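For reference, run24.pdb (PDB, C-alpha atoms):
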MODEL        1
ATOM      1  CA  MET A  53     109.712  96.326  81.040
ATOM      2  CA  ARG A  54     106.868  98.169  79.328
ATOM      3  CA  ALA A  55     104.988  94.893  78.787
ATOM      4  CA  LEU A  56     105.377  94.005  82.470
ATOM      5  CA  LYS A  57     104.084  97.404  83.555
ATOM      6  CA  GLY A  58     101.136  97.040  81.185
ATOM      7  CA  ARG A  59     100.293  93.597  82.522
ATOM      8  CA  LEU A  60     100.510  94.839  86.115
ATOM      9  CA  ASP A  61      98.161  97.712  85.224
ATOM     10  CA  ARG A  62      95.511  95.454  83.734
ATOM     11  CA  SER A  63      95.724  92.170  85.632
ATOM     12  CA  LEU A  64      94.925  91.541  89.282
ATOM     13  CA  THR A  65      96.473  88.092  88.909
ATOM     14  CA  ALA A  66      99.793  89.618  87.857
ATOM     15  CA  GLN A  67      99.646  91.937  90.852
ATOM     16  CA  ALA A  68      98.961  88.967  93.131
ATOM     17  CA  VAL A  69     101.971  87.157  91.667
ATOM     18  CA  VAL A  70     104.135  90.121  92.670
ATOM     19  CA  ILE A  71     102.528  90.697  96.076
ATOM     20  CA  PHE A  72     102.664  87.059  97.217
ATOM     21  CA  PRO A  73     106.486  86.711  97.304
ATOM     22  CA  LEU A  74     106.720  90.109  98.977
ATOM     23  CA  GLY A  75     104.274  88.936 101.647
ATOM     24  CA  VAL A  76     106.219  85.717 102.163
ATOM     25  CA  GLY A  77     109.461  87.698 102.421
ATOM     26  CA  ILE A  78     107.992  90.111 104.954
ATOM     27  CA  ALA A  79     106.622  87.224 107.013
ATOM     28  CA  ALA A  80     110.018  85.488 106.877
ATOM     29  CA  LEU A  81     111.800  88.683 107.872
ATOM     30  CA  PHE A  82     109.673  89.350 110.935
ATOM     31  CA  ARG A  83     108.908  85.767 111.951
ATOM     32  CA  ARG A  84     112.201  83.942 111.530
ATOM     33  CA  ASP A  85     111.465  81.449 114.281
ATOM     34  CA  GLU A  86     108.248  80.150 112.702
ATOM     35  CA  HIS A  87     107.948  77.331 110.201
ATOM     36  CA  PRO A  88     108.162  78.343 106.505
ATOM     37  CA  VAL A  89     104.638  77.030 105.921
ATOM     38  CA  TRP A  90     103.376  79.833 108.150
ATOM     39  CA  TRP A  91     105.317  82.315 106.030
ATOM     40  CA  VAL A  92     103.472  81.071 102.951
ATOM     41  CA  ILE A  93     100.108  81.196 104.729
ATOM     42  CA  GLN A  94     100.764  84.740 105.921
ATOM     43  CA  GLY A  95     101.970  85.751 102.442
ATOM     44  CA  ALA A  96      98.737  84.401 100.944
ATOM     45  CA  PHE A  97      96.732  86.275 103.578
ATOM     46  CA  TYR A  98      98.579  89.548 102.854
ATOM     47  CA  SER A  99      98.070  89.006  99.127
ATOM     48  CA  ALA A 100      94.348  88.394  99.540
ATOM     49  CA  ILE A 101      93.939  91.580 101.569
ATOM     50  CA  ALA A 102      95.944  93.671  99.091
ATOM     51  CA  ILE A 103      94.167  92.305  96.008
ATOM     52  CA  THR A 104      90.763  92.798  97.648
ATOM     53  CA  PHE A 105      91.663  96.415  98.372
ATOM     54  CA  VAL A 106      92.879  96.994  94.789
ATOM     55  CA  ALA A 107      89.792  95.303  93.299
ATOM     56  CA  MET A 108      87.486  97.479  95.388
ATOM     57  CA  GLN A 109      89.306 100.626  94.244
ATOM     58  CA  ARG A 110      89.082  99.525  90.611
ATOM     59  CA  ARG A 111      85.384  98.750  90.921
ATOM     60  CA  ARG A 112      84.695 102.146  92.527
ATOM     61  CA  ALA A 113      86.596 103.965  89.774
ATOM     62  CA  ALA A 114      84.827 101.904  87.090
ATOM     63  CA  ARG A 115      81.412 102.756  88.534
ATOM     64  CA  ALA A 116      82.278 106.450  88.693
ATOM     65  CA  ALA A 117      83.505 106.437  85.091
ATOM     66  CA  GLY A 118      80.610 104.305  83.870
ATOM     67  CA  THR A 119      82.816 101.646  82.282
ATOM     68  CA  GLY A 120      84.693  98.421  83.056
ATOM     69  CA  PRO A 121      87.855  98.041  85.146
ATOM     70  CA  ARG A 122      90.019  97.242  82.095
ATOM     71  CA  THR A 123      88.897 100.421  80.376
ATOM     72  CA  VAL A 124      89.696 102.372  83.547
ATOM     73  CA  ALA A 125      93.201 100.884  83.569
ATOM     74  CA  GLU A 126      93.677 101.971  79.952
ATOM     75  CA  LEU A 127      92.347 105.462  80.719
ATOM     76  CA  GLN A 128      94.689 105.727  83.704
ATOM     77  CA  ARG A 129      97.600 104.843  81.396
ATOM     78  CA  LYS A 130      96.512 107.598  79.026
ATOM     79  CA  ILE A 131      96.319 110.044  81.912
ATOM     80  CA  ARG A 132      99.856 109.133  83.004
ATOM     81  CA  HIS A 133     101.100 109.709  79.443
ATOM     82  CA  ARG A 134      98.949 112.842  79.047
ATOM     83  CA  GLU A 135      97.170 111.420  76.008
ATOM     84  CA  VAL A 136      93.836 113.089  75.291
ATOM     85  CA  PRO A 137      91.331 110.740  73.594
ATOM     86  CA  GLU A 138      89.815 111.797  70.272
ATOM     87  CA  GLN A 139      86.519 109.899  70.465
ATOM     88  CA  PRO A 140      83.710 111.825  72.215
ATOM     89  CA  GLU A 141      82.458 108.895  74.323
ATOM     90  CA  GLU A 142      85.971 108.090  75.502
ATOM     91  CA  ARG A 143      86.526 111.778  76.323
ATOM     92  CA  ALA A 144      83.315 111.818  78.367
ATOM     93  CA  THR A 145      84.351 108.671  80.233
ATOM     94  CA  MET A 146      87.791 110.107  80.924
ATOM     95  CA  ARG A 147      86.243 113.397  82.043
ATOM     96  CA  ARG A 148      84.101 111.554  84.614
ATOM     97  CA  LEU A 149      87.078 109.496  85.774
ATOM     98  CA  VAL A 150      89.323 112.544  86.137
ATOM     99  CA  ALA A 151      86.624 114.470  88.017
ATOM    100  CA  GLU A 152      86.047 111.594  90.427
ATOM    101  CA  GLN A 153      89.756 110.905  91.057
ATOM    102  CA  LEU A 154      90.632 114.578  91.403
ATOM    103  CA  GLY A 155      87.731 115.161  93.783
ATOM    104  CA  ARG A 156      88.751 112.206  95.922
ATOM    105  CA  MET A 157      92.365 113.364  96.083
ATOM    106  CA  GLU A 158      91.393 116.923  96.972
ATOM    107  CA  ARG A 159      88.985 115.711  99.678
ATOM    108  CA  GLY A 160      91.673 113.433 101.088
ATOM    109  CA  GLY A 161      94.113 116.329 101.193
ATOM    110  CA  ARG A 162      92.519 117.778 104.293
ATOM    111  CA  TRP A 163      93.629 114.738 106.287
ATOM    112  CA  LEU A 164      97.179 114.827 104.935
ATOM    113  CA  PRO A 165      98.662 117.102 107.649
ATOM    114  CA  TYR A 166      97.211 114.849 110.344
ATOM    115  CA  TRP A 167      98.636 111.690 108.740
ATOM    116  CA  LEU A 168     102.039 113.317 108.320
ATOM    117  CA  GLY A 169     101.911 114.528 111.923
ATOM    118  CA  LEU A 170     101.060 111.015 113.114
ATOM    119  CA  MET A 171     103.969 109.578 111.134
ATOM    120  CA  GLY A 172     106.264 112.216 112.658
ATOM    121  CA  LEU A 173     105.044 111.375 116.162
ATOM    122  CA  ILE A 174     105.703 107.695 115.567
ATOM    123  CA  ALA A 175     109.236 108.458 114.343
ATOM    124  CA  VAL A 176     109.930 110.746 117.325
ATOM    125  CA  GLY A 177     108.514 108.121 119.669
ATOM    126  CA  MET A 178     110.799 105.480 118.195
ATOM    127  CA  LEU A 179     113.766 107.834 118.630
ATOM    128  CA  ALA A 180     112.797 108.454 122.259
ATOM    129  CA  LEU A 181     112.473 104.724 122.925
ATOM    130  CA  GLY A 182     115.834 104.155 121.283
ATOM    131  CA  ALA A 183     117.451 106.841 123.433
ATOM    132  CA  VAL A 184     115.963 105.303 126.597
ATOM    133  CA  ASN A 185     117.136 101.802 125.617
ATOM    134  CA  GLY A 186     120.556 103.025 124.523
ATOM    135  CA  SER A 187     120.344 101.859 120.915
ATOM    136  CA  LEU A 188     119.795 104.541 118.289
ATOM    137  CA  VAL A 189     120.690 102.637 115.129
ATOM    138  CA  PHE A 190     117.279 101.108 114.400
ATOM    139  CA  PRO A 191     115.287 104.198 115.487
ATOM    140  CA  LEU A 192     117.452 106.449 113.300
ATOM    141  CA  LEU A 193     117.003 104.133 110.326
ATOM    142  CA  PHE A 194     113.270 104.054 111.018
ATOM    143  CA  ALA A 195     113.090 107.871 111.226
ATOM    144  CA  VAL A 196     114.991 108.220 107.948
ATOM    145  CA  GLY A 197     112.634 105.665 106.387
ATOM    146  CA  VAL A 198     109.577 107.568 107.645
ATOM    147  CA  ILE A 199     110.948 110.861 106.302
ATOM    148  CA  GLY A 200     111.724 109.211 102.964
ATOM    149  CA  PHE A 201     108.284 107.618 102.743
ATOM    150  CA  CYS A 202     106.466 110.859 103.624
ATOM    151  CA  SER A 203     108.554 112.801 101.093
ATOM    152  CA  TRP A 204     107.820 110.213  98.416
ATOM    153  CA  ALA A 205     104.082 110.274  99.240
ATOM    154  CA  LEU A 206     103.966 114.075  99.000
ATOM    155  CA  TRP A 207     105.901 114.043  95.727
ATOM    156  CA  MET A 208     103.596 111.394  94.213
ATOM    157  CA  ARG A 209     100.510 113.272  95.389
ATOM    158  CA  ARG A 210     101.690 116.525  93.832
ATOM    159  CA  ARG A 211     102.640 114.758  90.603
ATOM    160  CA  THR A 212      99.298 112.947  90.378
ATOM    161  CA  LEU A 213      97.330 116.114  91.115
ATOM    162  CA  ASP A 214      99.268 117.902  88.359
ATOM    163  CA  ARG A 215      98.412 115.112  85.913
ATOM    164  CA  TYR A 216      94.714 115.156  86.772
ATOM    165  CA  ARG A 217      94.501 118.947  86.618
ATOM    166  CA  HIS A 218      96.302 118.981  83.276
ATOM    167  CA  MET A 219      93.958 116.327  81.907
ATOM    168  CA  ARG A 220      90.880 118.144  83.253
ATOM    169  CA  SER A 221      91.910 121.355  81.458
ATOM    170  CA  ALA A 222      92.822 119.420  78.268
ATOM    171  CA  LEU A 223      89.447 117.655  78.240
ATOM    172  CA  HIS A 224      87.458 120.867  78.734
ATOM    173  CA  SER A 225      89.203 122.734  75.927
TER     174      SER A 225
ENDMDL
END

Translate the structure of the given file into structure tokens.
Amino acid sequence: MRALKGRLDRSLTAQAVVIFPLGVGIAALFRRDEHPVWWVIQGAFYSAIAITFVAMQRRRAARAAGTGPRTVAELQRKIRHREVPEQPEERATMRRLVAEQLGRMERGGRWLPYWLGLMGLIAVGMLALGAVNGSLVFPLLFAVGVIGFCSWALWMRRRTLDRYRHMRSALHS
């Protein structure tokens, strides 16, 4: 499992191999009446969009840190494991990476209440539509899913901020 996680951290191809079947499955789930070839085409399209987005994020982080994307992936692993590098140049690179990531997360935090409010409005709207149509099973499942997703996103944000703040203080001492 550790080797798979490491490969997924470093390789965009490995991520595409995971995303493609998920995209095909999602297309098959929502478009049952279409031909399976369309499922594959849509899965490839979803994969291309997702990998492009991930590659752009990696490139932005690599530019901010002043290093390559593979080095950024390794530094991110060290941040997750709270490993402080010993070499001065690696410490400087990690310091830049942590400052950039932490700054981006803190700037994005001002929009968080609005995004959570929007998600809540969508869930309430689905519940209202379900009440009007007389079927509450799907809207209730959707609302529970939205609450679960928002809770998970908040938990991951708090956990990631704690990691970056810990690493920032460890690198400055």

Which centre and which edge lengths, in Å to one decimal, describe the axis-aligned box that holds all listed atoms of segment 145-156 of chain A after 6 Å is added on each side, as lines of an AutoDock Vina configuration file?
center_x = 87.4
center_y = 111.9
center_z = 88.1
size_x = 18.5
size_y = 18.5
size_z = 27.7

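Note that the spacing between atom CA of Val92 of chain A and atom CA of Val76 of chain A amounts to 5.5 Å.
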
Give me, as a compact mmCIF listing (two decimals) with C-alpha atoms, in the coordinates of the input, all polymer residues having an atom no more than 12 Å from Ser203 of chain A, counting all atoms listed in the file and skipping those fewer than 6 positions away in the same chain.
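result_18.txt was written with the following content:
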# COMPACT_ATOMS: atom_id res chain seq x y z
CA LEU A 168 102.04 113.32 108.32
CA MET A 171 103.97 109.58 111.13
CA GLY A 172 106.26 112.22 112.66
CA VAL A 196 114.99 108.22 107.95
CA GLY A 197 112.63 105.66 106.39
CA ARG A 209 100.51 113.27 95.39
CA ARG A 210 101.69 116.52 93.83

message: Just want the 9 Å neighbourhood of segment 139-142 of chain A, counted on only C-alpha atoms, with same-chain residues fewer than 4 positions away dropped. Output as a ChimeraX atom specification.
response: /A:127,146-147

query: By how many Å are atom CA of Pro121 of chain A and atom CA of Gly95 of chain A apart?
result: 25.5 Å

field: Between atom CA of Arg215 of chain A and atom CA of Tyr166 of chain A, distance in Å (one decimal)
entry: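 Separation of atom CA of Arg215 of chain A and atom CA of Tyr166 of chain A: 24.5 Å.
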
field: Close residues, Ile71 of chain A itself excluded, 6 Å, all atoms listed in the file, min 3 positions apart in chain, as number ranges by chain
entry: A: 68, 74, 99

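In this comparison, which uses all atoms listed in the file, the residue of A:Met178, A:Ala114, A:Gly200, A:Arg129 approaching Arg54 of chain A most closely is A:Arg129.
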
query: Using all atoms listed in the file, which residue out of A:Val150, A:Ile78, A:Ala144, A:Ile174 lies closest to Phe97 of chain A?
result: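 Smallest separation from Phe97 of chain A among the options: A:Ile78.
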
message: At a cut-off of 12 Å, using all atoms listed in the file, what residues contact Val198 of chain A? Leave out same-chain residues fewer than 4 positions from it and give the result as a list in words.
response: Trp167, Leu168, Gly169, Leu170, Met171, Gly172, Leu173, Ile174, Ala175, Val176, Met178, Leu179, Pro191, Leu192, Leu193, Phe194, Cys202, Ser203, Trp204 and Ala205 of chain A

message: Set the distance at 12 Å and use all atoms listed in the file: which residues neighbour Leu60 of chain A once local chain neighbours fewer than 2 positions away are removed? I'd like the list as JSON, numbers by chain.
response: {"A": [53, 54, 55, 56, 57, 58, 62, 63, 64, 65, 66, 67, 68, 69, 70, 71, 106, 122, 125, 126, 129]}

For the selection you just gave me, I'd like the residues written to a file as an mmCIF file, in the frame of the given file, keeping C-alpha atoms.
data_model
loop_
_atom_site.group_PDB
_atom_site.id
_atom_site.type_symbol
_atom_site.label_atom_id
_atom_site.label_comp_id
_atom_site.auth_asym_id
_atom_site.auth_seq_id
_atom_site.Cartn_x
_atom_site.Cartn_y
_atom_site.Cartn_z
ATOM 1 C CA MET A 53 109.712 96.326 81.040
ATOM 2 C CA ARG A 54 106.868 98.169 79.328
ATOM 3 C CA ALA A 55 104.988 94.893 78.787
ATOM 4 C CA LEU A 56 105.377 94.005 82.470
ATOM 5 C CA LYS A 57 104.084 97.404 83.555
ATOM 6 C CA GLY A 58 101.136 97.040 81.185
ATOM 7 C CA ARG A 62 95.511 95.454 83.734
ATOM 8 C CA SER A 63 95.724 92.170 85.632
ATOM 9 C CA LEU A 64 94.925 91.541 89.282
ATOM 10 C CA THR A 65 96.473 88.092 88.909
ATOM 11 C CA ALA A 66 99.793 89.618 87.857
ATOM 12 C CA GLN A 67 99.646 91.937 90.852
ATOM 13 C CA ALA A 68 98.961 88.967 93.131
ATOM 14 C CA VAL A 69 101.971 87.157 91.667
ATOM 15 C CA VAL A 70 104.135 90.121 92.670
ATOM 16 C CA ILE A 71 102.528 90.697 96.076
ATOM 17 C CA VAL A 106 92.879 96.994 94.789
ATOM 18 C CA ARG A 122 90.019 97.242 82.095
ATOM 19 C CA ALA A 125 93.201 100.884 83.569
ATOM 20 C CA GLU A 126 93.677 101.971 79.952
ATOM 21 C CA ARG A 129 97.600 104.843 81.396
#

Contact table segment 99-146 of chain A vs segment 216-221 of chain A, cut-off 10 Å, shortest pair per residue, all atoms listed in the file, as JSON lines:
{"residue": "A:Gln128", "atom": "CA", "partner": "A:Tyr216", "partner_atom": "CA", "distance": 9.9}
{"residue": "A:Lys130", "atom": "CA", "partner": "A:Met219", "partner_atom": "CA", "distance": 9.5}
{"residue": "A:Ile131", "atom": "CA", "partner": "A:Met219", "partner_atom": "CA", "distance": 6.7}
{"residue": "A:Arg132", "atom": "CA", "partner": "A:Tyr216", "partner_atom": "CA", "distance": 8.8}
{"residue": "A:Arg134", "atom": "CA", "partner": "A:Met219", "partner_atom": "CA", "distance": 6.7}
{"residue": "A:Glu135", "atom": "CA", "partner": "A:Met219", "partner_atom": "CA", "distance": 8.3}
{"residue": "A:Val136", "atom": "CA", "partner": "A:Met219", "partner_atom": "CA", "distance": 7.4}
{"residue": "A:Met146", "atom": "CA", "partner": "A:Met219", "partner_atom": "CA", "distance": 8.8}

Selected residues written out, C-alpha atoms, as a CSV table (one decimal), keeping the file's coordinate frame:
chain,number,residue,atom,x,y,z
A,128,GLN,CA,94.7,105.7,83.7
A,130,LYS,CA,96.5,107.6,79.0
A,131,ILE,CA,96.3,110.0,81.9
A,132,ARG,CA,99.9,109.1,83.0
A,134,ARG,CA,98.9,112.8,79.0
A,135,GLU,CA,97.2,111.4,76.0
A,136,VAL,CA,93.8,113.1,75.3
A,146,MET,CA,87.8,110.1,80.9

Best match for closeness to Ile103 of chain A among A:Arg83, A:Gly77, A:Phe72, A:Phe201, counting only C-alpha atoms: A:Phe72

message: Measuring between all atoms listed in the file, which one of A:Thr123, A:Trp163, A:Phe190, A:Gly75 shows the shortest distance to Ile101 of chain A?
response: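 Among the listed residues, the smallest separation from Ile101 of chain A belongs to A:Gly75.
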
Would it be fine to have segment 199-212 of chain A, with all heavy atoms, given as a JSON list (two decimals), in the first residue's frame?
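The resulting file, selection11.json, is reproduced below:
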[["chain", "number", "residue", "atom", "x", "y", "z"],
["A", 199, "ILE", "N", -23.36, 17.12, 3.80],
["A", 199, "ILE", "CA", -22.87, 17.36, 5.17],
["A", 199, "ILE", "C", -21.59, 16.57, 5.42],
["A", 199, "ILE", "O", -20.62, 17.10, 5.98],
["A", 199, "ILE", "CB", -23.95, 16.99, 6.20],
["A", 199, "ILE", "CG1", -25.10, 18.00, 6.13],
["A", 199, "ILE", "CG2", -23.38, 16.94, 7.61],
["A", 199, "ILE", "CD1", -26.33, 17.59, 6.90],
["A", 200, "GLY", "N", -21.55, 15.33, 4.98],
["A", 200, "GLY", "CA", -20.34, 14.52, 5.13],
["A", 200, "GLY", "C", -19.16, 15.10, 4.37],
["A", 200, "GLY", "O", -18.04, 15.17, 4.89],
["A", 201, "PHE", "N", -19.40, 15.52, 3.13],
["A", 201, "PHE", "CA", -18.33, 16.10, 2.32],
["A", 201, "PHE", "C", -17.80, 17.39, 2.94],
["A", 201, "PHE", "O", -16.59, 17.60, 3.02],
["A", 201, "PHE", "CB", -18.81, 16.36, 0.89],
["A", 201, "PHE", "CG", -17.79, 17.06, 0.05],
["A", 201, "PHE", "CD1", -16.70, 16.36, -0.45],
["A", 201, "PHE", "CD2", -17.91, 18.41, -0.23],
["A", 201, "PHE", "CE1", -15.75, 17.00, -1.22],
["A", 201, "PHE", "CE2", -16.96, 19.06, -1.00],
["A", 201, "PHE", "CZ", -15.88, 18.35, -1.51],
["A", 202, "CYS", "N", -18.70, 18.27, 3.38],
["A", 202, "CYS", "CA", -18.28, 19.54, 3.98],
["A", 202, "CYS", "C", -17.51, 19.30, 5.28],
["A", 202, "CYS", "O", -16.50, 19.96, 5.54],
["A", 202, "CYS", "CB", -19.48, 20.44, 4.22],
["A", 202, "CYS", "SG", -20.20, 21.09, 2.70],
["A", 203, "SER", "N", -17.96, 18.33, 6.07],
["A", 203, "SER", "CA", -17.25, 18.00, 7.31],
["A", 203, "SER", "C", -15.85, 17.46, 7.01],
["A", 203, "SER", "O", -14.87, 17.84, 7.66],
["A", 203, "SER", "CB", -18.03, 16.97, 8.12],
["A", 203, "SER", "OG", -19.28, 17.47, 8.47],
["A", 204, "TRP", "N", -15.77, 16.58, 6.01],
["A", 204, "TRP", "CA", -14.48, 16.04, 5.61],
["A", 204, "TRP", "C", -13.55, 17.14, 5.11],
["A", 204, "TRP", "O", -12.37, 17.18, 5.45],
["A", 204, "TRP", "CB", -14.67, 14.97, 4.53],
["A", 204, "TRP", "CG", -13.39, 14.49, 3.95],
["A", 204, "TRP", "CD1", -12.53, 13.58, 4.48],
["A", 204, "TRP", "CD2", -12.81, 14.91, 2.70],
["A", 204, "TRP", "NE1", -11.45, 13.41, 3.64],
["A", 204, "TRP", "CE2", -11.60, 14.21, 2.55],
["A", 204, "TRP", "CE3", -13.21, 15.80, 1.73],
["A", 204, "TRP", "CZ2", -10.79, 14.39, 1.45],
["A", 204, "TRP", "CZ3", -12.40, 15.98, 0.62],
["A", 204, "TRP", "CH2", -11.20, 15.26, 0.50],
["A", 205, "ALA", "N", -14.09, 18.07, 4.29],
["A", 205, "ALA", "CA", -13.27, 19.16, 3.75],
["A", 205, "ALA", "C", -12.75, 20.06, 4.88],
["A", 205, "ALA", "O", -11.59, 20.47, 4.87],
["A", 205, "ALA", "CB", -14.08, 19.98, 2.74],
["A", 206, "LEU", "N", -13.59, 20.36, 5.85],
["A", 206, "LEU", "CA", -13.15, 21.19, 6.98],
["A", 206, "LEU", "C", -12.09, 20.47, 7.81],
["A", 206, "LEU", "O", -11.12, 21.07, 8.25],
["A", 206, "LEU", "CB", -14.35, 21.57, 7.86],
["A", 206, "LEU", "CG", -15.28, 22.62, 7.27],
["A", 206, "LEU", "CD1", -16.52, 22.76, 8.14],
["A", 206, "LEU", "CD2", -14.57, 23.94, 7.11],
["A", 207, "TRP", "N", -12.30, 19.18, 8.03],
["A", 207, "TRP", "CA", -11.33, 18.39, 8.80],
["A", 207, "TRP", "C", -9.98, 18.34, 8.08],
["A", 207, "TRP", "O", -8.93, 18.55, 8.70],
["A", 207, "TRP", "CB", -11.88, 16.99, 9.03],
["A", 207, "TRP", "CG", -10.93, 16.07, 9.70],
["A", 207, "TRP", "CD1", -10.52, 16.10, 11.00],
["A", 207, "TRP", "CD2", -10.24, 14.97, 9.09],
["A", 207, "TRP", "NE1", -9.64, 15.08, 11.24],
["A", 207, "TRP", "CE2", -9.44, 14.38, 10.08],
["A", 207, "TRP", "CE3", -10.24, 14.44, 7.81],
["A", 207, "TRP", "CZ2", -8.64, 13.27, 9.83],
["A", 207, "TRP", "CZ3", -9.44, 13.33, 7.56],
["A", 207, "TRP", "CH2", -8.66, 12.78, 8.57],
["A", 208, "MET", "N", -10.00, 18.09, 6.77],
["A", 208, "MET", "CA", -8.75, 18.04, 6.00],
["A", 208, "MET", "C", -8.06, 19.40, 5.97],
["A", 208, "MET", "O", -6.84, 19.48, 6.06],
["A", 208, "MET", "CB", -9.02, 17.57, 4.57],
["A", 208, "MET", "CG", -9.29, 16.09, 4.45],
["A", 208, "MET", "SD", -7.93, 15.07, 5.04],
["A", 208, "MET", "CE", -6.67, 15.46, 3.86],
["A", 209, "ARG", "N", -8.83, 20.46, 5.87],
["A", 209, "ARG", "CA", -8.25, 21.80, 5.86],
["A", 209, "ARG", "C", -7.57, 22.09, 7.18],
["A", 209, "ARG", "O", -6.44, 22.57, 7.21],
["A", 209, "ARG", "CB", -9.35, 22.83, 5.58],
["A", 209, "ARG", "CG", -8.85, 24.24, 5.65],
["A", 209, "ARG", "CD", -9.98, 25.23, 5.39],
["A", 209, "ARG", "NE", -9.62, 26.56, 5.79],
["A", 209, "ARG", "CZ", -8.76, 27.33, 5.17],
["A", 209, "ARG", "NH1", -8.16, 26.89, 4.08],
["A", 209, "ARG", "NH2", -8.49, 28.53, 5.62],
["A", 210, "ARG", "N", -8.23, 21.78, 8.28],
["A", 210, "ARG", "CA", -7.64, 22.03, 9.60],
["A", 210, "ARG", "C", -6.39, 21.18, 9.80],
["A", 210, "ARG", "O", -5.36, 21.67, 10.28],
["A", 210, "ARG", "CB", -8.67, 21.74, 10.70],
["A", 210, "ARG", "CG", -8.14, 22.02, 12.08],
["A", 210, "ARG", "CD", -9.17, 21.83, 13.18],
["A", 210, "ARG", "NE", -10.05, 20.71, 12.97],
["A", 210, "ARG", "CZ", -11.37, 20.81, 12.86],
["A", 210, "ARG", "NH1", -11.95, 21.99, 12.91],
["A", 210, "ARG", "NH2", -12.11, 19.74, 12.67],
["A", 211, "ARG", "N", -6.44, 19.95, 9.38],
["A", 211, "ARG", "CA", -5.29, 19.05, 9.50],
["A", 211, "ARG", "C", -4.11, 19.53, 8.66],
["A", 211, "ARG", "O", -2.96, 19.53, 9.13],
["A", 211, "ARG", "CB", -5.74, 17.66, 9.07],
["A", 211, "ARG", "CG", -4.77, 16.58, 9.30],
["A", 211, "ARG", "CD", -5.43, 15.26, 8.99],
["A", 211, "ARG", "NE", -4.44, 14.32, 8.55],
["A", 211, "ARG", "CZ", -4.69, 13.20, 7.95],
["A", 211, "ARG", "NH1", -5.93, 12.84, 7.72],
["A", 211, "ARG", "NH2", -3.74, 12.41, 7.58],
["A", 212, "THR", "N", -4.38, 19.96, 7.44],
["A", 212, "THR", "CA", -3.32, 20.44, 6.56],
["A", 212, "THR", "C", -2.73, 21.74, 7.08],
["A", 212, "THR", "O", -1.50, 21.93, 7.06],
["A", 212, "THR", "CB", -3.86, 20.61, 5.13],
["A", 212, "THR", "OG1", -4.42, 19.38, 4.70],
["A", 212, "THR", "CG2", -2.78, 21.04, 4.18]]
